[in-house]
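Student: Provided below: start.txt, containing compact mmCIF, C-alpha atoms.
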```txt
# COMPACT_ATOMS: atom_id res chain seq x y z
CA MET A 2 0.00 0.00 0.00
CA ALA A 3 2.06 2.80 -1.36
CA VAL A 4 -0.74 5.31 -1.24
CA SER A 5 -2.86 6.03 1.77
CA LEU A 6 -6.56 5.44 2.05
CA ARG A 7 -7.25 9.17 2.02
CA GLU A 8 -5.59 9.55 -1.37
CA TYR A 9 -7.64 6.73 -2.86
CA ARG A 10 -10.80 8.39 -1.61
CA ALA A 11 -9.74 11.62 -3.36
CA ARG A 12 -9.10 9.74 -6.59
CA ILE A 13 -12.49 8.09 -6.48
CA LYS A 14 -14.10 11.45 -5.96
CA SER A 15 -12.38 13.11 -8.90
CA THR A 16 -13.12 10.15 -11.15
CA GLU A 17 -16.74 10.35 -10.11
CA SER A 18 -17.03 13.99 -11.05
CA MET A 19 -15.28 13.30 -14.33
CA LYS A 20 -17.77 10.57 -14.99
CA LYS A 21 -20.62 12.98 -14.34
CA ILE A 22 -19.20 15.36 -16.94
CA THR A 23 -18.66 12.74 -19.63
CA ARG A 24 -22.07 11.29 -18.95
CA ALA A 25 -23.66 14.72 -19.38
CA MET A 26 -21.76 15.28 -22.62
CA GLU A 27 -22.89 11.90 -23.87
CA LEU A 28 -26.52 12.74 -23.21
CA ILE A 29 -26.21 16.19 -24.79
CA ALA A 30 -24.61 14.71 -27.90
CA ALA A 31 -27.32 12.06 -28.10
CA SER A 32 -30.13 14.62 -28.00
CA ARG A 33 -28.36 16.86 -30.50
CA ILE A 34 -27.92 14.06 -33.00
CA ILE A 35 -31.67 13.75 -33.31
CA LYS A 36 -31.88 17.47 -34.01
CA ALA A 37 -29.03 17.26 -36.50
CA GLN A 38 -30.74 14.43 -38.31
CA GLN A 39 -33.97 16.40 -38.44
CA ARG A 40 -32.10 19.34 -39.92
CA ALA A 41 -30.56 17.08 -42.52
CA GLN A 42 -34.00 15.73 -43.32
CA SER A 43 -35.61 19.14 -43.66
CA ALA A 44 -32.81 20.22 -45.98
CA ALA A 45 -33.50 17.29 -48.27
CA PRO A 46 -36.54 18.71 -50.17
CA TYR A 47 -34.58 21.76 -51.29
CA ALA A 48 -31.69 19.64 -52.50
CA ARG A 49 -34.07 17.28 -54.26
CA GLU A 50 -35.98 20.05 -56.08
CA LEU A 51 -32.75 21.78 -57.00
CA THR A 52 -31.27 18.60 -58.42
CA ARG A 53 -34.44 17.98 -60.37
CA ALA A 54 -34.35 21.47 -61.87
CA ILE A 55 -30.65 21.25 -62.71
CA SER A 56 -30.99 17.93 -64.43
CA ALA A 57 -33.90 19.41 -66.39
CA VAL A 58 -31.67 22.24 -67.59
CA ALA A 59 -28.81 19.89 -68.29
CA THR A 60 -31.02 17.52 -70.24
CA TYR A 61 -33.04 20.05 -72.22
CA SER A 62 -30.55 22.67 -73.19
CA ASN A 63 -27.12 22.57 -74.68
CA VAL A 64 -25.70 25.27 -72.53
CA ASP A 65 -22.13 25.12 -71.37
CA HIS A 66 -21.41 26.82 -68.12
CA ALA A 67 -18.09 27.81 -66.62
CA LEU A 68 -18.86 25.73 -63.53
CA THR A 69 -19.40 22.54 -65.51
CA THR A 70 -16.49 22.83 -67.95
CA GLU A 71 -13.46 20.66 -67.32
CA PRO A 72 -10.31 22.77 -67.40
CA GLU A 73 -7.90 21.32 -69.94
CA ASP A 74 -4.80 21.26 -67.85
CA PRO A 75 -5.65 21.36 -64.13
CA LYS A 76 -2.76 22.87 -62.18
CA ARG A 77 -4.22 23.93 -58.89
CA ALA A 78 -6.81 22.18 -56.76
CA ALA A 79 -8.69 23.44 -53.74
CA ILE A 80 -9.72 21.20 -50.87
CA LEU A 81 -12.40 22.05 -48.38
CA ILE A 82 -11.90 20.05 -45.20
CA VAL A 83 -14.84 19.90 -42.86
CA THR A 84 -13.71 19.31 -39.27
CA SER A 85 -15.17 20.04 -35.86
CA ASP A 86 -14.79 23.11 -33.71
CA ARG A 87 -14.37 21.22 -30.48
CA GLY A 88 -12.53 18.11 -29.47
CA LEU A 89 -13.65 15.25 -27.23
CA ALA A 90 -15.14 13.50 -30.21
CA GLY A 91 -12.82 10.53 -30.46
CA ALA A 92 -10.99 10.15 -33.74
CA TYR A 93 -13.53 12.28 -35.64
CA SER A 94 -11.28 15.16 -36.64
CA SER A 95 -8.12 13.14 -37.04
CA SER A 96 -9.74 10.63 -39.37
CA VAL A 97 -11.16 13.34 -41.61
CA LEU A 98 -7.74 15.04 -41.62
CA LYS A 99 -6.09 11.75 -42.48
CA GLU A 100 -8.43 11.34 -45.43
CA ALA A 101 -7.62 14.91 -46.48
CA GLU A 102 -3.87 14.21 -46.28
CA ARG A 103 -4.37 11.22 -48.50
CA LEU A 104 -6.21 13.33 -51.06
CA ILE A 105 -3.55 16.06 -50.90
CA GLU A 106 -0.86 13.45 -51.54
CA LYS A 107 -2.80 12.08 -54.47
CA LEU A 108 -3.35 15.52 -56.02
CA ARG A 109 0.30 16.41 -55.52
CA GLY A 110 1.19 13.14 -57.22
CA GLU A 111 -0.86 14.29 -60.20
CA GLY A 112 1.25 17.43 -60.30
CA LYS A 113 -1.34 19.82 -58.90
CA ASP A 114 -0.83 22.54 -56.35
CA VAL A 115 -3.17 22.24 -53.40
CA ALA A 116 -4.97 25.15 -51.76
CA VAL A 117 -6.54 24.29 -48.42
CA TYR A 118 -9.86 25.67 -47.23
CA ILE A 119 -11.06 24.65 -43.80
CA ALA A 120 -14.28 24.61 -41.84
CA GLY A 121 -13.88 24.01 -38.11
CA ARG A 122 -11.29 25.03 -35.54
CA LYS A 123 -9.66 21.61 -35.20
CA GLY A 124 -8.58 21.53 -38.82
CA GLU A 125 -7.41 25.12 -38.66
CA ALA A 126 -5.30 24.33 -35.58
CA TYR A 127 -3.86 21.23 -37.27
CA PHE A 128 -2.60 23.17 -40.27
CA LYS A 129 -1.47 26.22 -38.30
CA PHE A 130 0.51 24.08 -35.86
CA ARG A 131 2.36 22.48 -38.74
CA GLY A 132 2.98 25.87 -40.30
CA ARG A 133 1.13 25.02 -43.49
CA ALA A 134 -0.67 27.59 -45.55
CA ILE A 135 -4.45 27.88 -45.28
CA GLU A 136 -6.28 29.72 -48.02
CA ASN A 137 -9.31 30.46 -45.90
CA ALA A 138 -10.99 29.09 -42.77
CA TRP A 139 -14.49 29.32 -41.37
CA THR A 140 -15.17 28.39 -37.75
CA GLY A 141 -17.84 28.47 -35.12
CA PHE A 142 -20.70 26.48 -36.61
CA SER A 143 -19.55 22.87 -36.81
CA ASP A 144 -22.28 21.32 -34.66
CA GLN A 145 -25.17 23.27 -36.16
CA PRO A 146 -24.26 24.69 -39.55
CA SER A 147 -26.50 27.36 -41.05
CA HIS A 148 -27.22 27.68 -44.72
CA GLN A 149 -25.63 31.09 -44.59
CA ALA A 150 -22.30 29.54 -43.64
CA ALA A 151 -22.65 27.19 -46.58
CA SER A 152 -23.31 30.09 -48.96
CA GLU A 153 -20.28 31.98 -47.67
CA ILE A 154 -18.06 28.98 -48.24
CA GLY A 155 -19.70 28.31 -51.59
CA ALA A 156 -19.18 31.90 -52.73
CA ALA A 157 -15.48 31.80 -51.80
CA LEU A 158 -14.91 28.48 -53.55
CA ILE A 159 -16.78 29.52 -56.70
CA GLU A 160 -14.84 32.75 -56.81
CA ALA A 161 -11.57 30.85 -56.57
CA PHE A 162 -12.74 28.43 -59.25
CA LEU A 163 -13.78 31.16 -61.69
CA ASP A 164 -10.60 33.12 -61.05
CA GLU A 165 -8.48 32.77 -64.17
CA ASP A 166 -5.08 33.91 -62.91
CA GLU A 167 -2.46 32.28 -60.66
CA GLN A 168 -4.59 32.30 -57.52
CA GLY A 169 -7.52 30.57 -59.20
CA VAL A 170 -8.11 26.83 -58.83
CA ASP A 171 -9.05 24.34 -61.53
CA GLU A 172 -10.93 21.90 -59.37
CA VAL A 173 -12.52 21.84 -55.93
CA HIS A 174 -12.74 18.83 -53.64
CA VAL A 175 -14.59 18.44 -50.37
CA VAL A 176 -13.54 16.12 -47.56
CA PHE A 177 -16.24 15.52 -45.01
CA THR A 178 -17.58 12.75 -42.79
CA ARG A 179 -20.57 10.91 -44.13
CA PHE A 180 -23.10 9.87 -41.53
CA ARG A 181 -23.96 6.26 -42.22
CA SER A 182 -25.47 5.37 -38.88
CA MET A 183 -24.96 6.06 -35.21
CA LEU A 184 -22.14 3.54 -35.24
CA THR A 185 -20.39 4.23 -38.52
CA GLN A 186 -19.25 7.52 -39.92
CA GLU A 187 -16.97 7.52 -42.91
CA PRO A 188 -14.59 10.24 -43.98
CA THR A 189 -15.35 10.83 -47.66
CA ALA A 190 -13.71 12.89 -50.37
CA VAL A 191 -15.79 14.09 -53.33
CA ARG A 192 -15.05 16.40 -56.21
CA LEU A 193 -17.35 19.40 -56.12
CA LEU A 194 -16.18 21.45 -59.10
CA PRO A 195 -16.29 21.25 -62.04
CA LEU A 196 -19.80 19.96 -61.49
CA GLU A 197 -20.92 16.65 -62.79
CA VAL A 198 -24.57 17.43 -62.82
CA VAL A 199 -26.11 14.00 -63.07
CA GLU A 200 -24.84 12.63 -59.80
CA GLY A 201 -25.83 12.43 -56.16
CA GLU A 202 -28.31 10.35 -54.28
CA GLU A 203 -31.29 12.61 -54.84
CA ARG A 204 -31.42 12.18 -58.59
CA PRO A 205 -34.99 11.73 -59.83
CA GLU A 206 -35.69 8.16 -60.90
CA SER A 207 -34.79 7.38 -64.47
CA THR A 208 -38.30 6.15 -65.19
CA GLU A 209 -39.61 9.66 -64.63
CA VAL A 210 -39.86 11.47 -67.97
CA LEU A 211 -38.28 14.88 -67.86
CA PRO A 212 -40.50 17.42 -69.61
CA LEU A 213 -39.59 20.04 -72.20
CA TYR A 214 -38.94 23.22 -70.31
CA GLU A 215 -39.48 26.87 -71.03
CA PHE A 216 -36.69 28.91 -69.56
CA GLU A 217 -37.20 32.47 -68.48
CA PRO A 218 -35.36 34.71 -69.22
CA SER A 219 -33.02 32.19 -70.90
CA ALA A 220 -31.46 28.83 -70.22
CA GLU A 221 -28.08 30.50 -69.63
CA ALA A 222 -29.47 32.94 -67.08
CA VAL A 223 -31.34 30.19 -65.25
CA LEU A 224 -28.24 28.03 -65.16
CA ASP A 225 -26.19 30.99 -63.99
CA ALA A 226 -28.47 31.36 -61.01
CA LEU A 227 -28.97 27.67 -60.35
CA LEU A 228 -25.46 26.28 -60.38
CA PRO A 229 -24.03 28.39 -57.54
CA ARG A 230 -27.09 27.40 -55.49
CA TYR A 231 -26.38 23.80 -56.31
CA VAL A 232 -22.80 24.14 -55.12
CA GLU A 233 -24.02 25.77 -51.91
CA SER A 234 -26.57 23.07 -51.40
CA ARG A 235 -23.91 20.37 -51.76
CA ILE A 236 -21.66 22.16 -49.29
CA PHE A 237 -24.60 22.52 -46.93
CA PHE A 238 -25.21 18.80 -47.28
CA ALA A 239 -21.56 18.10 -46.41
CA LEU A 240 -21.74 20.40 -43.38
CA LEU A 241 -24.94 18.80 -42.11
CA GLN A 242 -23.57 15.29 -42.55
CA SER A 243 -20.39 16.27 -40.77
CA ALA A 244 -22.34 17.83 -37.91
CA ALA A 245 -24.35 14.65 -37.40
CA SER A 246 -21.17 12.56 -37.61
CA GLU A 247 -19.37 14.80 -35.15
CA LEU A 248 -22.15 14.42 -32.61
CA ALA A 249 -22.32 10.67 -33.11
CA ALA A 250 -18.54 10.40 -32.70
CA ARG A 251 -18.72 12.53 -29.58
CA GLN A 252 -21.49 10.45 -28.12
CA LYS A 253 -19.51 7.28 -28.71
CA ALA A 254 -16.31 8.74 -27.28
CA MET A 255 -18.11 10.05 -24.20
CA LYS A 256 -19.88 6.75 -23.68
CA SER A 257 -16.60 4.87 -23.55
CA ALA A 258 -15.13 7.58 -21.31
CA THR A 259 -18.04 7.10 -18.92
CA ASP A 260 -17.58 3.33 -18.99
CA ASN A 261 -13.87 3.69 -18.33
CA ALA A 262 -14.54 6.03 -15.42
CA GLN A 263 -16.93 3.46 -14.00
CA GLU A 264 -14.22 0.80 -14.29
CA LEU A 265 -11.68 3.05 -12.59
CA ILE A 266 -14.06 3.85 -9.76
CA LYS A 267 -14.61 0.13 -9.22
CA LYS A 268 -10.89 -0.55 -9.18
CA TYR A 269 -10.11 2.29 -6.82
CA THR A 270 -12.93 1.32 -4.48
CA ARG A 271 -11.50 -2.20 -4.25
CA ILE A 272 -8.00 -0.93 -3.52
CA ALA A 273 -9.34 1.57 -1.01
CA ASN A 274 -11.28 -1.15 0.77
CA GLN A 275 -8.19 -3.31 0.83
CA ALA A 276 -6.16 -0.46 2.23
CA ARG A 277 -8.77 0.20 4.89
CA GLN A 278 -8.94 -3.48 5.80
CA ALA A 279 -5.15 -3.68 5.95
CA GLY A 280 -5.16 -0.69 8.29
CA ILE A 281 -7.68 -2.32 10.60
CA THR A 282 -5.78 -5.61 10.59
CA GLN A 283 -2.61 -3.82 11.44
CA GLU A 284 -4.25 -1.93 14.28
CA ILE A 285 -5.69 -5.14 15.73
CA SER A 286 -2.39 -6.93 15.51
CA GLU A 287 -0.71 -3.95 17.16
CA ILE A 288 -3.23 -4.00 20.00
CA VAL A 289 -2.97 -7.75 20.39
CA GLY A 290 0.79 -7.48 20.28
CA GLY A 291 0.70 -4.72 22.88
CA VAL A 292 -1.60 -6.68 25.17
CA ASN A 293 0.59 -9.76 24.86
CA ALA A 294 3.68 -7.74 25.64
CA LEU A 295 1.98 -6.22 28.70
CA ALA A 296 0.78 -9.66 29.86
CA ASP A 297 4.30 -11.07 29.43
CA ALA A 298 5.80 -8.19 31.35
CA GLN A 299 3.28 -8.57 34.22
CA ALA A 300 3.76 -12.34 34.27
CA GLY A 301 7.50 -11.77 34.56
CA SER A 302 7.22 -9.30 37.49
CA GLU A 303 4.92 -11.54 39.56
CA MET B 1 -49.47 13.71 -61.32
CA ALA B 2 -52.33 15.52 -59.68
CA ALA B 3 -55.25 13.58 -61.16
CA ASP B 4 -57.74 15.47 -59.00
CA GLY B 5 -57.26 18.69 -60.94
CA LEU B 6 -54.97 20.38 -58.51
CA LEU B 7 -51.42 21.57 -58.51
CA HIS B 8 -48.98 20.14 -56.07
CA VAL B 9 -46.99 22.99 -54.64
CA GLU B 10 -43.80 22.92 -52.61
CA LEU B 11 -42.33 26.11 -51.25
CA VAL B 12 -38.93 25.28 -49.85
CA ALA B 13 -36.05 27.12 -48.24
CA PRO B 14 -32.62 25.46 -47.90
CA ASP B 15 -33.20 24.43 -44.31
CA ARG B 16 -36.90 23.58 -44.30
CA THR B 17 -40.11 23.16 -46.26
CA VAL B 18 -42.02 26.40 -45.76
CA TRP B 19 -45.31 25.27 -47.25
CA SER B 20 -46.44 22.30 -49.24
CA GLY B 21 -49.83 21.13 -50.34
CA GLN B 22 -52.49 21.23 -53.06
CA ALA B 23 -53.44 24.44 -54.86
CA ASP B 24 -55.62 25.80 -57.68
CA MET B 25 -53.29 28.54 -58.77
CA VAL B 26 -49.89 29.98 -58.02
CA ILE B 27 -48.91 33.56 -58.80
CA ALA B 28 -45.25 34.47 -58.57
CA ARG B 29 -43.18 37.40 -59.74
CA THR B 30 -40.31 36.42 -62.00
CA ILE B 31 -37.68 38.87 -63.16
CA GLU B 32 -39.65 39.14 -66.41
CA GLY B 33 -42.96 39.90 -64.73
CA ASP B 34 -45.76 38.15 -62.90
CA VAL B 35 -46.56 34.60 -63.87
CA GLY B 36 -49.71 32.70 -62.99
CA VAL B 37 -49.63 28.93 -63.01
CA LEU B 38 -52.75 26.86 -63.43
CA ARG B 39 -53.11 23.16 -63.96
CA GLY B 40 -51.65 21.95 -67.25
CA HIS B 41 -49.09 24.72 -67.45
CA ALA B 42 -46.17 24.04 -69.75
CA PRO B 43 -42.97 23.08 -67.97
CA LEU B 44 -41.24 26.25 -66.86
CA LEU B 45 -38.08 27.22 -65.06
CA SER B 46 -37.82 30.84 -64.17
CA LEU B 47 -35.96 33.13 -61.82
CA LEU B 48 -37.90 34.99 -59.17
CA THR B 49 -37.39 38.47 -57.88
CA ASP B 50 -37.82 39.58 -54.25
CA ALA B 51 -41.55 39.59 -54.03
CA VAL B 52 -44.73 37.96 -52.80
CA VAL B 53 -45.89 34.55 -53.96
CA GLU B 54 -49.60 33.81 -53.81
CA ILE B 55 -50.94 30.30 -53.67
CA SER B 56 -54.71 29.82 -53.98
CA THR B 57 -55.77 26.73 -52.14
CA PRO B 58 -58.85 24.64 -53.09
CA ASP B 59 -60.81 25.81 -50.05
CA ALA B 60 -60.80 29.37 -51.49
CA GLY B 61 -58.04 30.45 -49.16
CA VAL B 62 -54.86 32.20 -50.20
CA VAL B 63 -51.44 31.40 -48.84
CA VAL B 64 -49.13 34.35 -49.14
CA ALA B 65 -45.38 34.00 -48.76
CA VAL B 66 -42.47 36.29 -49.34
CA VAL B 67 -39.37 35.09 -51.17
CA ASP B 68 -35.98 36.74 -51.55
CA GLY B 69 -35.13 35.71 -55.07
CA GLY B 70 -34.90 32.05 -55.94
CA PHE B 71 -36.67 30.28 -58.75
CA ILE B 72 -39.87 28.55 -59.71
CA SER B 73 -40.03 25.27 -61.54
CA VAL B 74 -43.22 23.86 -63.03
CA ALA B 75 -43.56 20.37 -64.46
CA ASN B 76 -46.37 17.80 -64.56
CA ASP B 77 -48.68 19.97 -62.45
CA ARG B 78 -46.02 20.13 -59.84
CA VAL B 79 -44.77 23.52 -58.77
CA SER B 80 -41.58 23.97 -56.78
CA ILE B 81 -40.61 27.35 -55.51
CA LEU B 82 -37.09 27.48 -54.11
CA SER B 83 -35.65 30.45 -52.35
CA ASP B 84 -32.77 31.20 -50.01
CA HIS B 85 -35.21 32.91 -47.70
CA ALA B 86 -38.91 32.21 -47.76
CA GLN B 87 -41.27 33.34 -45.05
CA LEU B 88 -44.95 33.10 -44.31
CA PRO B 89 -46.66 36.29 -43.09
CA GLU B 90 -46.98 35.03 -39.53
CA GLU B 91 -43.21 34.66 -39.36
CA ILE B 92 -42.58 38.23 -40.47
CA ASP B 93 -41.77 40.93 -37.97
CA VAL B 94 -43.73 43.86 -39.44
CA ASP B 95 -42.16 46.53 -37.25
CA LYS B 96 -38.72 45.36 -38.20
CA ALA B 97 -39.66 45.35 -41.87
CA ARG B 98 -41.02 48.91 -41.57
CA SER B 99 -37.92 50.26 -39.89
CA GLU B 100 -35.84 48.42 -42.47
CA LEU B 101 -37.91 50.09 -45.18
CA GLU B 102 -37.31 53.55 -43.71
CA GLU B 103 -33.61 52.89 -43.36
CA ALA B 104 -33.32 51.60 -46.91
CA ARG B 105 -35.23 54.65 -48.23
CA GLY B 106 -32.71 56.88 -46.50
CA LEU B 107 -29.86 55.07 -48.21
CA MET B 108 -31.51 55.05 -51.64
CA GLY B 109 -29.25 55.94 -54.48
CA ALA B 110 -26.17 55.29 -52.38
CA ASN B 111 -25.78 51.73 -53.61
CA ASP B 112 -27.58 48.83 -55.24
CA ASP B 113 -27.80 47.05 -51.93
CA ALA B 114 -30.21 49.65 -50.56
CA GLU B 115 -32.54 49.13 -53.48
CA ARG B 116 -32.58 45.42 -52.86
CA ARG B 117 -33.22 45.89 -49.14
CA LEU B 118 -36.02 48.29 -49.98
CA ARG B 119 -37.61 45.74 -52.30
CA ARG B 120 -37.35 43.01 -49.69
CA ALA B 121 -38.82 45.14 -46.93
CA GLU B 122 -41.66 46.21 -49.21
CA ALA B 123 -42.37 42.63 -50.18
CA ARG B 124 -42.55 41.65 -46.52
CA ILE B 125 -44.96 44.40 -45.62
CA ARG B 126 -47.08 43.64 -48.66
CA ALA B 127 -47.23 39.97 -47.72
CA VAL B 128 -48.46 40.81 -44.23
CA GLU B 129 -51.02 43.26 -45.56
CA LYS B 130 -52.31 40.80 -48.13
CA SER B 131 -52.79 38.04 -45.62
CA SER B 132 -54.62 40.13 -43.05
```
Give the structure from this file in structure tokens form.
Tutor:
Amino acid sequence: MAVSLREYRARIKSTESMKKITRAMELIAASRIIKAQQRAQSAAPYARELTRAISAVATYSNVDHALTTEPEDPKRAAILIVTSDRGLAGAYSSSVLKEAERLIEKLRGEGKDVAVYIAGRKGEAYFKFRGRAIENAWTGFSDQPSHQAASEIGAALIEAFLDEDEQGVDEVHVVFTRFRSMLTQEPTAVRLLPLEVVEGEERPESTEVLPLYEFEPSAEAVLDALLPRYVESRIFFALLQSAASELAARQKAMKSATDNAQELIKKYTRIANQARQAGITQEISEIVGGVNALADAQAGSE
Amino acid sequence: MAADGLLHVELVAPDRTVWSGQADMVIARTIEGDVGVLRGHAPLLSLLTDAVVEISTPDAGVVVAVVDGGFISVANDRVSILSDHAQLPEEIDVDKARSELEEARGLMGANDDAERRLRRAEARIRAVEKSS
């Protein structure tokens, strides 16, 4: 017994309060996931209608748009990495960053320069700490992204994409965490720009006949207005998915932290009990020893 | 789609569905002028300006909503109105819209932004007035 009983009691206490905190965080994350999923669901109709309209334009007009044209010789690529603002979410941020590093390596291998755009403080800190250049970073909304944040990011990325000179980029990728279920979240990298219009999960079924459209004022003008919205909507989708994934990862991490704290408390309680018992045994043997010594001494004097 | 002689209308903002249901007629203001959509309308994709959208429901009611730009798409008796900001009159803060209107009037001519703000504030007030 290297440590006294009192110290074990203190350790149990601090572990208990830690457990209370992680438990609370677990519950908060759990309730927020439901909200995040609802937000993702209520964003779906907009994305669906937008995709429907865009595929109508793409199918029924032969308009080329700057956002859909493949640059001939891509030299510079932008990556938007969606990370969290706060930690305590297990491997959430590090796995998305790992995926991003892989993509950066791949793009560099293809001879492209990489410009990094980041959403979320964790990613920003990661790149700043390593002294690597960040083109732009947006923070402060990772667990409940607003559409406005998505349009800001979208506007910046589109501007960079349409920029013709040195600073402009020829393609834009997004790395985010796809929410598969409460248990699995996958870091995913997708190419955002140039747009491949007929893609995505919300595509109208192929059996549905797309009608001949009238465009007002013109197909070009409609496309001009629609495509940036589409980009924003895809970014918004990525942000919402990431938010749900972040919360799920946090809930999982906090659940195992709570379980570990419980284990520790159990272990410390056992050791503390042992220490207490050892103390009592020692006291008894001291008393018995003392009594015996006294009895021996008295027996000797008589 | 709507075999019962009605339009199916969806009014959606990026983060929610503002209104969806059956309707007799939809009137919206595109950048080329007002457009009314009845059943059997030819497929249409058009850009909207900051204005009021009116949806006449089968029970002779009118749903009024204000949109800040966006677009309307009509196909197969199905009308989708998408806008970055769409509000129903009961969600509009009239006093705020009025003070916004005054402020934007004061700034008129200074920049294009003021004109846009003015239009939006006006559309909001009009939507509230129409629905009451």
Student: Can you pull out every residue within 9 Å of B:Lys130, counting all atoms listed in the file, but drop anything in the same chain fewer than 4 positions away, and send it as a list of chain:residue names?
Tutor: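 The residues that qualify are B:Val64, B:Pro89, B:Ile125, B:Arg126.
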Student: Just checking: using all atoms listed in the file, which residue out of B:Gln87, B:Thr57, B:Gln22, B:Thr30 ends up closest to chain A?
Tutor: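 Of the candidates, the smallest distance to chain A is held by B:Thr30.
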Student: Which polymer residues have any atom within 9 Å of an atom of B:Asp77, counting only C-alpha atoms, with same-chain residues fewer than 4 positions away left out, as a list in words?
Tutor: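 Listed by chain and then number, they are Met1, Ala2, Gly5, Leu6, Leu7, His8, Val9, Leu38, Arg39, Gly40, His41, Ala42 and Pro43 of chain B.
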Student: When you get a sec, could you note down which chain A residues fall within 6 Å of chain B, using all atoms listed in the file, as number ranges by chain?
Tutor: A: 43-44, 47, 214-217
Student: At a cut-off of 12 Å, using only C-alpha atoms, what residues contact A:Gly112? Leave out same-chain residues fewer than 5 positions from it and give the result as a ChimeraX atom specification.
Tutor: /A:74-78,105-107
Student: Kindly indicate which residue among A:Ile285, A:Asn274, A:Gln263, A:Gly124 lies nearest to A:Lys21, using only C-alpha atoms for the distances.
Tutor: A:Gln263
Student: Using all atoms listed in the file, find the one residue out of A:Asn137, A:Thr23, A:Ser243, A:Ser234 that sits nearest to A:Lys256.
Tutor: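 Of A:Asn137, A:Thr23, A:Ser243, A:Ser234, the one nearest A:Lys256, counting all atoms listed in the file, is A:Thr23.
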Student: With distances taken over all atoms listed in the file, which of A:Glu50, A:Glu8, A:Glu27, A:Asp297 is nearest to A:Tyr269?
Tutor: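 Going through A:Glu50, A:Glu8, A:Glu27, A:Asp297 one by one, the smallest distance to A:Tyr269 is for A:Glu8.
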Student: Hey, what's within 12 Å of stretch 94-97 of chain B if we count only C-alpha atoms and toss same-chain stuff fewer than 5 positions away? As a PDB file with C-alpha atoms, in the coordinates of the input, please?
Tutor:
```
ATOM      1  CA  LEU B  88     -44.950  33.100 -44.310  1.00  0.00           C
ATOM      2  CA  PRO B  89     -46.660  36.290 -43.090  1.00  0.00           C
ATOM      3  CA  GLU B 102     -37.310  53.550 -43.710  1.00  0.00           C
ATOM      4  CA  GLU B 103     -33.610  52.890 -43.360  1.00  0.00           C
ATOM      5  CA  ALA B 104     -33.320  51.600 -46.910  1.00  0.00           C
ATOM      6  CA  ARG B 117     -33.220  45.890 -49.140  1.00  0.00           C
ATOM      7  CA  LEU B 118     -36.020  48.290 -49.980  1.00  0.00           C
ATOM      8  CA  ARG B 119     -37.610  45.740 -52.300  1.00  0.00           C
ATOM      9  CA  ARG B 120     -37.350  43.010 -49.690  1.00  0.00           C
ATOM     10  CA  ALA B 121     -38.820  45.140 -46.930  1.00  0.00           C
ATOM     11  CA  GLU B 122     -41.660  46.210 -49.210  1.00  0.00           C
ATOM     12  CA  ALA B 123     -42.370  42.630 -50.180  1.00  0.00           C
ATOM     13  CA  ARG B 124     -42.550  41.650 -46.520  1.00  0.00           C
ATOM     14  CA  ILE B 125     -44.960  44.400 -45.620  1.00  0.00           C
ATOM     15  CA  ARG B 126     -47.080  43.640 -48.660  1.00  0.00           C
ATOM     16  CA  ALA B 127     -47.230  39.970 -47.720  1.00  0.00           C
ATOM     17  CA  VAL B 128     -48.460  40.810 -44.230  1.00  0.00           C
ATOM     18  CA  GLU B 129     -51.020  43.260 -45.560  1.00  0.00           C
TER      19      GLU B 129
END
```
